[in-house]
>>> print(open('start_20.txt').read())   # compact mmCIF, C-alpha atoms
# COMPACT_ATOMS: atom_id res chain seq x y z
CA MET A 1 -150.63 -96.86 12.87
CA GLU A 2 -153.17 -98.21 10.40
CA LYS A 3 -151.23 -101.47 10.19
CA ILE A 4 -151.16 -101.82 13.96
CA LEU A 5 -154.90 -101.24 14.20
CA SER A 6 -155.51 -103.77 11.43
CA SER A 7 -153.37 -106.32 13.26
CA ILE A 8 -155.24 -105.75 16.52
CA PHE A 9 -158.56 -106.11 14.68
CA ALA A 10 -157.39 -109.26 12.91
CA LEU A 11 -156.40 -110.78 16.25
CA ALA A 12 -159.48 -109.63 18.11
CA LEU A 13 -162.02 -110.81 15.56
CA PRO A 14 -161.40 -114.55 15.72
CA VAL A 15 -161.10 -114.51 19.49
CA THR A 16 -164.40 -112.70 19.98
CA ALA A 17 -166.24 -114.81 17.43
CA GLY A 18 -164.72 -117.99 18.74
CA TYR A 19 -165.77 -117.18 22.26
CA GLY A 20 -169.34 -116.73 21.10
CA VAL A 21 -169.46 -120.00 19.21
CA SER A 22 -167.81 -121.78 22.12
CA LYS A 23 -170.63 -120.70 24.38
CA SER A 24 -173.13 -121.64 21.71
CA VAL A 25 -171.78 -125.16 21.59
CA ASN A 26 -172.22 -125.33 25.33
CA GLY A 27 -175.87 -124.48 24.92
CA ASN A 28 -176.18 -120.87 26.11
CA ALA A 29 -179.12 -119.53 24.12
CA ASP A 30 -178.25 -115.80 24.22
CA LEU A 31 -174.64 -116.29 23.28
CA SER A 32 -175.59 -118.76 20.60
CA LEU A 33 -177.43 -115.94 18.81
CA LEU A 34 -174.27 -113.84 19.08
CA ALA A 35 -172.27 -116.70 17.68
CA LEU A 36 -174.65 -117.26 14.81
CA SER A 37 -174.60 -113.59 13.86
CA ASN A 38 -170.81 -113.70 13.78
CA VAL A 39 -170.90 -116.75 11.59
CA GLU A 40 -173.50 -115.18 9.30
CA ALA A 41 -171.32 -112.10 8.82
CA LEU A 42 -168.21 -114.16 8.19
CA ALA A 43 -169.97 -116.62 5.93
CA ASN A 44 -171.27 -113.71 3.92
CA GLY A 45 -167.74 -112.74 3.05
CA GLU A 46 -167.19 -110.08 5.68
CA GLY A 47 -163.65 -110.99 6.68
CA GLY A 48 -163.93 -114.76 6.43
CA GLY A 49 -162.64 -115.32 2.92
CA ASP A 50 -158.97 -114.73 3.68
CA TYR A 51 -158.97 -117.25 6.51
CA CYS A 52 -160.71 -119.79 4.29
CA ASP A 53 -157.97 -119.41 1.70
CA ILE A 54 -155.28 -119.90 4.36
CA TYR A 55 -156.68 -122.88 6.25
CA CYS A 56 -158.79 -124.63 3.60
CA THR A 57 -158.62 -125.43 -0.08
CA PRO A 58 -161.40 -124.73 -2.64
CA ALA A 59 -163.63 -127.74 -3.34
CA GLN A 60 -167.11 -127.68 -4.77
CA GLY A 61 -169.85 -128.88 -2.45
CA TRP A 62 -167.68 -129.21 0.66
CA LYS A 63 -167.53 -127.24 3.89
CA CYS A 64 -164.36 -126.57 5.86
CA THR A 65 -164.58 -125.35 9.45
CA VAL A 66 -161.77 -123.33 11.03
CA TYR A 67 -161.53 -123.41 14.82
CA VAL A 68 -160.34 -120.93 17.42
CA ASN A 69 -159.06 -122.44 20.64
CA GLY A 70 -160.63 -125.71 19.60
CA VAL A 71 -164.16 -124.43 19.01
CA PRO A 72 -165.83 -123.91 15.63
CA TRP A 73 -165.40 -120.36 14.43
CA LEU A 74 -165.51 -119.97 10.65
CA PRO A 75 -167.48 -122.10 8.17
CA CYS A 76 -165.95 -122.00 4.69
CA TYR A 77 -168.40 -123.15 2.03
CA ASP A 78 -167.08 -124.71 -1.18
CA TYR A 79 -163.84 -125.46 0.64
CA ARG A 80 -162.41 -128.63 2.12
CA LYS A 81 -159.53 -129.42 4.43
CA PRO A 82 -156.19 -129.40 2.61
CA HIS A 83 -153.83 -132.36 2.38
CA PHE A 84 -150.35 -131.32 3.42
CA ILE A 85 -147.38 -133.61 3.82
CA VAL A 86 -147.40 -134.55 7.49
CA THR A 87 -146.37 -137.56 9.46
CA LEU A 88 -148.74 -139.59 11.55
CA MET B 1 -130.77 -146.70 -1.73
CA ASN B 2 -132.52 -143.78 -0.06
CA LYS B 3 -135.32 -144.04 -2.60
CA LEU B 4 -135.69 -147.75 -1.92
CA LEU B 5 -135.85 -147.15 1.82
CA SER B 6 -138.45 -144.40 1.39
CA LEU B 7 -140.52 -146.67 -0.83
CA LEU B 8 -140.34 -149.52 1.68
CA LEU B 9 -141.28 -147.14 4.50
CA LEU B 10 -144.26 -145.81 2.54
CA LEU B 11 -145.34 -149.34 1.63
CA SER B 12 -145.10 -150.54 5.22
CA LEU B 13 -147.07 -147.49 6.37
CA LEU B 14 -149.76 -148.14 3.78
CA ILE B 15 -149.94 -151.84 4.64
CA SER B 16 -150.05 -151.17 8.37
CA CYS B 17 -152.79 -148.59 7.87
CA SER B 18 -154.89 -150.79 5.64
CA THR B 19 -154.63 -154.11 7.43
CA LYS B 20 -154.59 -153.34 11.14
CA ASN B 21 -157.42 -150.92 11.51
CA GLU B 22 -161.07 -151.77 11.65
CA TYR B 23 -164.42 -150.34 12.65
CA LEU B 24 -166.21 -151.92 15.55
CA ASN B 25 -169.40 -153.83 14.72
CA SER B 26 -168.90 -153.42 10.98
CA GLU B 27 -169.64 -155.68 8.05
CA LYS B 28 -167.37 -155.74 5.02
CA LEU B 29 -168.88 -154.64 1.71
CA ASN B 30 -167.38 -155.76 -1.59
CA LEU B 31 -168.31 -154.85 -5.13
CA ASN B 32 -169.46 -158.40 -5.84
CA ASP B 33 -172.06 -158.06 -3.05
CA PHE B 34 -174.12 -155.95 -5.43
CA LYS B 35 -176.64 -158.09 -7.28
CA ILE B 36 -176.61 -156.12 -10.52
CA ARG B 37 -174.20 -153.86 -12.41
CA LYS B 38 -175.66 -151.51 -15.02
CA ASN B 39 -174.07 -149.05 -17.43
CA LEU B 40 -176.04 -145.83 -17.76
CA ASN B 41 -175.63 -143.39 -20.63
CA GLY B 42 -176.45 -139.80 -19.79
CA ASN B 43 -178.17 -137.16 -21.90
CA ILE B 44 -177.14 -133.56 -21.45
CA ILE B 45 -180.24 -131.44 -20.94
CA ASP B 46 -180.15 -128.52 -23.30
CA PHE B 47 -181.99 -125.80 -21.39
CA ASP B 48 -182.77 -122.46 -23.03
CA SER B 49 -180.61 -120.76 -20.40
CA LEU B 50 -177.05 -121.49 -19.30
CA VAL B 51 -176.46 -123.59 -16.20
CA MET B 52 -173.83 -121.64 -14.28
CA ARG B 53 -172.12 -123.44 -11.38
CA PRO B 54 -174.82 -125.23 -9.40
CA SER B 55 -174.12 -126.71 -5.98
CA ASP B 56 -177.31 -128.73 -5.49
CA LEU B 57 -180.42 -129.72 -7.41
CA LEU B 58 -183.90 -131.09 -6.76
CA VAL B 59 -186.52 -132.57 -9.06
CA ILE B 60 -190.21 -132.18 -8.24
CA ASP B 61 -192.52 -133.56 -10.95
CA SER B 62 -191.61 -131.64 -14.09
CA LEU B 63 -189.62 -128.99 -12.24
CA LEU B 64 -185.87 -129.03 -11.77
CA ILE B 65 -184.53 -126.52 -9.25
CA THR B 66 -180.83 -125.76 -9.02
CA ILE B 67 -178.97 -123.75 -6.39
CA GLU B 68 -176.50 -121.31 -7.92
CA PRO B 69 -174.50 -120.00 -4.95
CA ALA B 70 -172.49 -117.50 -6.97
CA GLU B 71 -175.49 -115.86 -8.62
CA LYS B 72 -177.50 -112.91 -7.30
CA ARG B 73 -180.64 -115.07 -7.25
CA LEU B 74 -179.90 -118.42 -5.71
CA PHE B 75 -182.62 -120.71 -7.07
CA HIS B 76 -183.04 -121.34 -10.79
CA ILE B 77 -186.18 -123.22 -11.75
CA TYR B 78 -186.49 -125.12 -15.02
CA ASN B 79 -189.39 -126.92 -16.68
CA LEU B 80 -188.09 -130.34 -17.71
CA ASN B 81 -190.81 -130.76 -20.36
CA THR B 82 -190.21 -127.50 -22.19
CA LYS B 83 -186.52 -127.23 -21.23
CA LYS B 84 -187.13 -123.59 -20.36
CA LYS B 85 -186.03 -121.67 -17.29
CA ILE B 86 -189.18 -120.38 -15.65
CA ALA B 87 -187.93 -118.49 -12.59
CA ASN B 88 -184.90 -117.13 -10.70
CA VAL B 89 -185.84 -116.60 -7.08
CA ILE B 90 -184.51 -115.66 -3.63
CA ASN B 91 -181.68 -113.20 -3.33
CA ARG B 92 -178.29 -114.00 -1.89
CA GLY B 93 -177.82 -111.80 1.15
CA GLN B 94 -178.95 -111.07 4.65
CA GLY B 95 -182.21 -109.23 3.99
CA PRO B 96 -185.63 -110.60 4.94
CA ASN B 97 -186.20 -113.90 3.11
CA ASP B 98 -182.68 -113.80 1.63
CA MET B 99 -180.28 -116.70 2.09
CA ILE B 100 -176.51 -117.12 2.14
CA TRP B 101 -175.68 -120.78 1.60
CA PRO B 102 -178.84 -122.81 0.97
CA GLN B 103 -179.18 -126.55 0.74
CA PHE B 104 -182.25 -128.61 -0.19
CA MET B 105 -183.79 -130.73 2.50
CA ASN B 106 -186.78 -132.58 1.18
CA ALA B 107 -189.95 -131.89 -0.77
CA ASN B 108 -193.33 -133.40 -1.32
CA ASP B 109 -195.91 -132.46 -3.92
CA ASN B 110 -196.73 -129.11 -2.33
CA ILE B 111 -194.01 -128.11 0.09
CA ILE B 112 -190.27 -127.66 -0.15
CA SER B 113 -187.90 -127.29 2.81
CA ILE B 114 -184.65 -125.40 2.34
CA ALA B 115 -181.92 -124.89 4.94
CA ASP B 116 -179.67 -121.86 4.93
CA MET B 117 -176.58 -123.55 6.30
CA ALA B 118 -174.85 -120.26 7.08
CA THR B 119 -177.62 -119.02 9.36
CA SER B 120 -178.93 -122.38 10.60
CA THR B 121 -182.40 -121.38 9.43
CA ILE B 122 -184.98 -123.58 7.74
CA TYR B 123 -187.49 -122.10 5.32
CA LYS B 124 -190.64 -123.86 4.15
CA TYR B 125 -192.35 -122.76 0.96
CA TYR B 126 -195.38 -123.83 -0.97
CA ILE B 127 -193.96 -124.85 -4.31
CA SER B 128 -196.61 -122.80 -6.10
CA ASP B 129 -195.39 -119.70 -4.23
CA LEU B 130 -191.84 -120.40 -5.29
CA ILE B 131 -192.83 -120.30 -8.94
CA ASN B 132 -195.61 -117.76 -9.09
CA THR B 133 -194.91 -114.96 -6.64
CA GLY B 134 -192.01 -113.06 -8.19
CA ASN B 135 -188.35 -113.02 -7.25
CA SER B 136 -188.75 -112.98 -3.48
CA PRO B 137 -191.30 -115.60 -2.50
CA VAL B 138 -192.35 -115.56 1.14
CA PRO B 139 -191.91 -118.76 3.18
CA PHE B 140 -194.90 -119.88 5.22
CA LYS B 141 -192.63 -121.09 8.04
CA ILE B 142 -189.17 -120.05 9.21
CA THR B 143 -187.33 -122.01 11.90
CA LYS B 144 -184.04 -120.84 13.36
CA LEU B 145 -182.19 -123.72 14.98
CA SER B 146 -180.65 -123.05 18.38
CA GLU B 147 -177.28 -124.46 17.28
CA MET B 148 -175.07 -124.19 14.22
CA ILE B 149 -175.60 -126.72 11.46
CA ASN B 150 -172.40 -128.49 10.51
CA THR B 151 -172.75 -130.42 7.25
CA ASP B 152 -176.37 -131.51 6.77
CA VAL B 153 -179.97 -131.19 7.94
CA GLU B 154 -183.11 -133.21 7.20
CA ASN B 155 -186.70 -133.58 8.34
CA PHE B 156 -187.30 -136.82 10.23
CA ASN B 157 -190.84 -137.66 11.22
CA ASP B 158 -192.08 -134.57 13.10
CA ASN B 159 -188.61 -133.30 13.98
CA ILE B 160 -185.57 -131.74 12.36
CA VAL B 161 -182.29 -133.65 12.52
CA CYS B 162 -178.99 -131.99 11.76
CA SER B 163 -175.29 -132.54 12.18
CA THR B 164 -173.83 -130.15 14.76
CA TYR B 165 -170.43 -129.59 16.32
CA SER B 166 -170.79 -131.83 19.35
CA ASP B 167 -167.64 -133.61 20.46
CA GLU B 168 -169.51 -136.81 21.25
CA PHE B 169 -172.52 -137.01 18.96
CA GLN B 170 -172.87 -136.55 15.24
CA LEU B 171 -176.51 -135.50 15.04
CA SER B 172 -178.94 -133.42 17.08
CA VAL B 173 -182.73 -133.56 17.05
CA PHE B 174 -184.73 -130.29 17.12
CA ASP B 175 -188.44 -129.62 17.35
CA GLN B 176 -190.24 -127.62 14.70
CA GLU B 177 -189.56 -124.42 16.63
CA GLY B 178 -185.80 -125.02 16.47
CA ASN B 179 -185.27 -126.05 20.09
CA LYS B 180 -182.86 -128.89 20.67
CA ILE B 181 -184.44 -132.04 22.07
CA LYS B 182 -181.43 -134.35 22.24
CA ASP B 183 -178.15 -135.49 20.68
CA ILE B 184 -178.00 -138.82 18.87
CA ILE B 185 -175.51 -141.11 17.13
CA GLU B 186 -171.94 -141.22 18.35
CA TYR B 187 -168.93 -141.17 16.05
CA PRO B 188 -167.89 -144.54 14.61
CA GLN B 189 -165.47 -146.39 16.85
CA SER B 190 -162.37 -147.81 15.27
CA THR B 191 -158.84 -148.73 16.20
CA LEU B 192 -157.74 -145.21 15.22
CA ASN B 193 -157.64 -142.31 17.67
CA TYR B 194 -158.62 -138.78 16.76
CA THR B 195 -158.76 -135.42 18.52
CA ASN B 196 -162.18 -133.77 18.45
CA ILE B 197 -161.26 -131.61 15.46
CA GLU B 198 -159.67 -134.54 13.62
CA LYS B 199 -162.75 -136.63 14.37
CA ARG B 200 -165.16 -134.12 12.83
CA ASP B 201 -163.02 -133.88 9.71
CA ALA B 202 -162.29 -137.59 9.44
CA PHE B 203 -166.00 -138.41 9.74
CA TYR B 204 -167.27 -135.68 7.42
CA MET B 205 -170.61 -136.99 6.25
CA ASN B 206 -174.06 -136.32 4.85
CA PHE B 207 -177.13 -138.27 5.84
CA ILE B 208 -180.60 -139.08 4.59
CA THR B 209 -183.73 -140.52 6.11
CA ASN B 210 -186.63 -142.51 4.75
CA GLN B 211 -188.94 -140.21 6.76
CA SER B 212 -190.02 -143.03 9.04
CA ASP B 213 -187.57 -145.47 10.60
CA ARG B 214 -184.15 -145.16 8.99
CA ILE B 215 -181.31 -142.66 9.17
CA ILE B 216 -178.39 -143.39 6.83
CA LEU B 217 -174.99 -141.77 7.37
CA CYS B 218 -172.65 -141.77 4.38
CA TYR B 219 -169.05 -140.74 5.07
CA TYR B 220 -167.09 -138.69 2.57
CA LEU B 221 -163.55 -139.71 3.55
CA THR B 222 -163.88 -143.30 4.62
CA ASP B 223 -165.93 -145.83 2.67
CA LEU B 224 -168.35 -146.32 5.50
CA ILE B 225 -172.15 -146.31 5.56
CA GLU B 226 -174.18 -146.58 8.75
CA VAL B 227 -177.84 -147.50 9.06
CA TYR B 228 -179.70 -146.38 12.20
CA ASP B 229 -183.23 -147.22 13.30
CA GLN B 230 -185.99 -144.91 14.50
CA GLN B 231 -184.51 -144.79 18.00
CA ALA B 232 -181.09 -143.95 16.54
CA ASN B 233 -179.66 -147.35 17.44
CA LEU B 234 -177.07 -148.77 15.06
CA TYR B 235 -178.75 -151.27 12.74
CA LYS B 236 -175.86 -151.89 10.36
CA ARG B 237 -172.36 -150.53 9.74
CA ILE B 238 -170.98 -151.30 6.28
CA HIS B 239 -167.31 -150.83 5.45
CA GLY B 240 -166.27 -151.04 1.81
CA PRO B 241 -165.84 -151.61 -1.05
CA ASP B 242 -162.20 -150.53 -0.64
CA HIS B 243 -162.04 -150.65 3.17
CA PHE B 244 -160.04 -147.49 3.79
CA PHE B 245 -159.88 -145.07 6.70
CA SER B 246 -159.49 -141.36 7.08
CA TYR B 247 -156.28 -139.84 8.47
CA PHE B 248 -156.16 -136.30 9.80
CA LYS B 249 -153.65 -134.36 11.83
CA GLU B 250 -154.64 -131.40 13.99
CA TYR B 251 -152.37 -128.37 14.08
CA ARG B 252 -152.43 -124.94 15.68
CA ASP B 253 -151.52 -121.57 14.25
CA GLY B 254 -151.69 -119.24 17.23
CA GLU B 255 -155.24 -119.41 18.49
CA ILE B 256 -156.56 -120.85 15.26
CA SER B 257 -156.68 -124.60 15.06
CA SER B 258 -157.52 -126.82 12.14
CA SER B 259 -156.56 -130.16 10.71
CA THR B 260 -155.11 -131.45 7.51
CA ALA B 261 -155.65 -134.65 5.64
CA VAL B 262 -152.56 -136.81 5.53
CA LYS B 263 -151.28 -136.70 1.99
CA GLY B 264 -151.07 -140.00 0.18
CA LEU B 265 -153.39 -141.87 2.54
CA ASN B 266 -156.77 -140.18 2.20
CA ARG B 267 -159.36 -141.09 -0.38
CA ASP B 268 -162.75 -139.68 -1.29
CA ALA B 269 -165.58 -142.08 -0.49
CA TYR B 270 -169.37 -141.68 -0.47
CA PHE B 271 -170.96 -138.43 -1.70
CA SER B 272 -174.46 -136.98 -1.82
CA PRO B 273 -176.78 -139.72 -0.56
CA GLU B 274 -180.34 -139.41 -1.86
CA ASN B 275 -183.67 -140.92 -0.92
CA ALA B 276 -184.89 -142.84 -3.98
CA GLY B 277 -188.20 -144.18 -2.70
CA ASP B 278 -187.86 -147.76 -1.52
CA GLU B 279 -184.08 -147.54 -1.70
CA PHE B 280 -181.32 -144.98 -1.28
CA MET B 281 -178.59 -144.05 -3.73
CA VAL B 282 -175.12 -142.68 -3.07
CA LEU B 283 -172.18 -141.73 -5.27
CA TYR B 284 -168.93 -143.57 -4.73
CA ASN B 285 -165.56 -142.08 -5.58
CA GLY B 286 -162.65 -144.08 -4.16
CA GLY B 287 -159.91 -141.87 -5.63
CA TYR B 288 -156.81 -140.74 -3.74
CA ILE B 289 -157.18 -137.05 -2.92
CA GLY B 290 -153.61 -136.12 -3.78
CA ASP B 291 -153.55 -137.75 -7.21
CA PRO B 292 -152.98 -135.19 -9.96
CA ASP B 293 -155.92 -136.50 -11.99
CA HIS B 294 -158.23 -136.92 -9.01
CA SER B 295 -161.73 -135.45 -9.33
CA VAL B 296 -164.63 -135.28 -6.88
CA TYR B 297 -166.92 -136.20 -9.78
CA CYS B 298 -168.01 -139.83 -9.55
CA ASN B 299 -168.82 -142.42 -12.18
CA LYS B 300 -170.16 -145.00 -9.73
CA LEU B 301 -173.59 -144.76 -8.15
CA PHE B 302 -174.59 -147.41 -5.63
CA SER B 303 -178.12 -148.29 -4.57
CA PHE B 304 -179.00 -149.99 -1.28
CA ASN B 305 -182.27 -150.89 0.37
CA TRP B 306 -183.09 -149.10 3.63
CA ASP B 307 -181.66 -152.03 5.62
CA GLY B 308 -178.29 -151.36 4.01
CA GLU B 309 -178.29 -154.34 1.68
CA PRO B 310 -176.53 -153.58 -1.63
CA ASN B 311 -178.70 -153.64 -4.76
CA ILE B 312 -177.21 -152.17 -7.92
CA ILE B 313 -174.01 -150.50 -9.12
CA TYR B 314 -174.72 -147.94 -11.81
CA MET B 315 -171.73 -146.98 -13.97
CA LEU B 316 -172.21 -143.43 -15.25
CA ASP B 317 -170.62 -142.33 -18.51
CA ASP B 318 -170.74 -138.64 -17.47
CA PRO B 319 -169.40 -138.32 -13.88
CA ILE B 320 -171.45 -136.26 -11.42
CA PHE B 321 -170.97 -134.93 -7.91
CA SER B 322 -174.54 -134.26 -6.83
CA PHE B 323 -177.85 -135.64 -8.02
CA THR B 324 -181.60 -135.90 -7.48
CA VAL B 325 -183.94 -138.79 -8.26
CA ASP B 326 -187.35 -138.78 -9.94
CA THR B 327 -188.64 -142.12 -8.65
CA GLN B 328 -191.91 -141.92 -10.63
CA ASN B 329 -190.21 -141.65 -14.01
CA LYS B 330 -187.04 -143.51 -12.98
CA LYS B 331 -184.74 -140.60 -13.83
CA ILE B 332 -181.58 -139.36 -12.18
CA TYR B 333 -180.47 -135.76 -12.72
CA GLY B 334 -176.88 -134.94 -11.87
CA ILE B 335 -174.49 -132.00 -11.93
CA SER B 336 -171.54 -132.55 -14.24
CA GLU B 337 -168.72 -130.24 -15.22
CA THR B 338 -167.03 -131.53 -18.34
CA PRO B 339 -166.52 -129.71 -20.64
CA GLU B 340 -168.63 -127.07 -18.84
CA PHE B 341 -171.19 -127.24 -16.06
CA HIS B 342 -174.34 -128.99 -17.20
CA ILE B 343 -177.20 -131.12 -16.00
CA VAL B 344 -177.12 -134.72 -17.15
CA GLU B 345 -180.16 -137.00 -17.16
CA TYR B 346 -179.95 -140.77 -16.68
CA SER B 347 -182.77 -143.31 -16.98
CA TYR B 348 -182.38 -146.18 -14.57
>>> encode(input="start_20.txt", output="structure tokens")
Amino acid sequence: MEKILSSIFALALPVTAGYGVSKSVNGNADLSLLALSNVEALANGEGGGDYCDIYCTPAQGWKCTVYVNGVPWLPCYDYRKPHFIVTL
Amino acid sequence: MNKLLSLLLLLSLLISCSTKNEYLNSEKLNLNDFKIRKNLNGNIIDFDSLVMRPSDLLVIDSLLITIEPAEKRLFHIYNLNTKKKIANVINRGQGPNDMIWPQFMNANDNIISIADMATSTIYKYYISDLINTGNSPVPFKITKLSEMINTDVENFNDNIVCSTYSDEFQLSVFDQEGNKIKDIIEYPQSTLNYTNIEKRDAFYMNFITNQSDRIILCYYLTDLIEVYDQQANLYKRIHGPDHFFSYFKEYRDGEISSSTAVKGLNRDAYFSPENAGDEFMVLYNGGYIGDPDHSVYCNKLFSFNWDGEPNIIYMLDDPIFSFTVDTQNKKIYGISETPEFHIVEYSY
């Protein structure tokens, strides 16, 4: 049961936060405050670190942004985008 | 045979990527365009207290302030004359007057501006308050920007300019109360196509201003520098000295989307531009990101005038990744890491 709840939380968190930031990018003042508070919490290590380790790679002085549905969601400080083997 | 074919394919890909593409309205920069080349020998500053793992630094007269993002108190202040640490100030956290991920903006003799990138908030302090009022100095002005800061923020004339997450523009202008006035400066146009996420990653940059009529954008993953005038019109776009581009590929993982640099093609370019009075300075890397011995620390420092004309190449014997300039005493202070983190001083 605990695992299921954790999974639901893990899925719900990025969606909610992403929605807020999406609205913020579109210039809605109230929602932008919501978005910023999400980002502040995540940037402060409250749930953001794991995602940073998955989608970014540690690098001093850089910032890596993870997106949800194409809108900025999680800023990872001291991380940069990784370089995988991909084809153009 | 397979190996030979793979090699030929890689070579043809590299050649096609390096010869076909170009930036619109750009001028080519080459190393021999610089008038002077100077070797600088650094001196490690032996402070009375250990430098931990600083992310940024700022010199103001005889004070050197470092940001230590992993420490409980974020700002460590040293006296360069006595080589003593004189203060540790401002807690890391979310309390009143705390910060999460600070970055220096600019300073004059009395006032220092600091941006907390994580909260998009700008704090202004009297420098005397920063030193003399205990561990939690109180800013005399706090401005919360109405949008998230992406990679950088600076004061420009009476406004605040910062990079945001716009799909079309790289910078936004805010008033001193944090309200957005307008977006400025589109992404560089080239023969390459990017998605919006790829574009933001490919054109990762920091910028500086001369506080009057120039904004300079220095790109981290393509060796490109752009000079804009007071009205944010392109004045000059300089591509070089190695004339490479940035290649990213967007991918999705459920609802999360991100992008990855294309291995083997991407190189680190210009880092940490700094206002150095009547010129600006910027570190140049040029290394391939995937190389096993690649480091973000740079041993080349370029200087340009504010019209984007190349002046001097400084060759540094102790590579750095971030620096600050004392224009009065002609000193550069940089963060270096070998063998351990330290501050290195160069006279130029």
>>> residues_near_point(input="start_20.txt", point="(-184.8, -142.7, 19.6)", cutoff="12 Å", atoms="only C-alpha atoms", output="short mmCIF file (atom, residue, chain, number, x, y, z; two decimals) with C-alpha atoms, keeping the file's coordinate frame")
data_model
loop_
_atom_site.label_atom_id
_atom_site.label_comp_id
_atom_site.auth_asym_id
_atom_site.auth_seq_id
_atom_site.Cartn_x
_atom_site.Cartn_y
_atom_site.Cartn_z
CA PHE B 156 -187.30 -136.82 10.23
CA ASN B 157 -190.84 -137.66 11.22
CA ASN B 159 -188.61 -133.30 13.98
CA VAL B 161 -182.29 -133.65 12.52
CA LEU B 171 -176.51 -135.50 15.04
CA SER B 172 -178.94 -133.42 17.08
CA VAL B 173 -182.73 -133.56 17.05
CA ILE B 181 -184.44 -132.04 22.07
CA LYS B 182 -181.43 -134.35 22.24
CA ASP B 183 -178.15 -135.49 20.68
CA ILE B 184 -178.00 -138.82 18.87
CA ILE B 185 -175.51 -141.11 17.13
CA SER B 212 -190.02 -143.03 9.04
CA ASP B 213 -187.57 -145.47 10.60
CA ARG B 214 -184.15 -145.16 8.99
CA ILE B 215 -181.31 -142.66 9.17
CA TYR B 228 -179.70 -146.38 12.20
CA ASP B 229 -183.23 -147.22 13.30
CA GLN B 230 -185.99 -144.91 14.50
CA GLN B 231 -184.51 -144.79 18.00
CA ALA B 232 -181.09 -143.95 16.54
CA ASN B 233 -179.66 -147.35 17.44
CA LEU B 234 -177.07 -148.77 15.06
#
>>> atom_distance(input="start_20.txt", atom1="CA of Val51 (chain B)", atom2="CA of Asn79 (chain B)")
13.4 Å
>>> interface_residues(input="start_20.txt", of="chain B", to="chain A", cutoff="6 Å", atoms="all atoms listed in the file", output="PyMOL selection string")
chain B and resi 55+118-119+255-258+260-263
>>> residues_around(input="start_20.txt", residues="Asn196 (chain B)", least_positions_apart="6", cutoff="10 Å", atoms="all atoms listed in the file", output="number ranges by chain")
A: 70-71; B: 165-168, 202, 250
>>> atom_distance(input="start_20.txt", atom1="CA of Phe207 (chain B)", atom2="CA of Gln176 (chain B)")
19.1 Å
>>> atom_distance(input="start_20.txt", atom1="CA of Ser295 (chain B)", atom2="CA of Asn275 (chain B)")
24.1 Å
>>> closest_residue(input="start_20.txt", among="B:Trp306, B:Tyr123, B:Phe34, B:Tyr297", to="Gly277 (chain B)", atoms="all atoms listed in the file")
B:Trp306
>>> residues_around(input="start_20.txt", residues="Tyr125 (chain B)", least_positions_apart="3", cutoff="6 Å", atoms="only C-alpha atoms", output="MDAnalysis selection string")
chainID B and resid 111:112 139:140
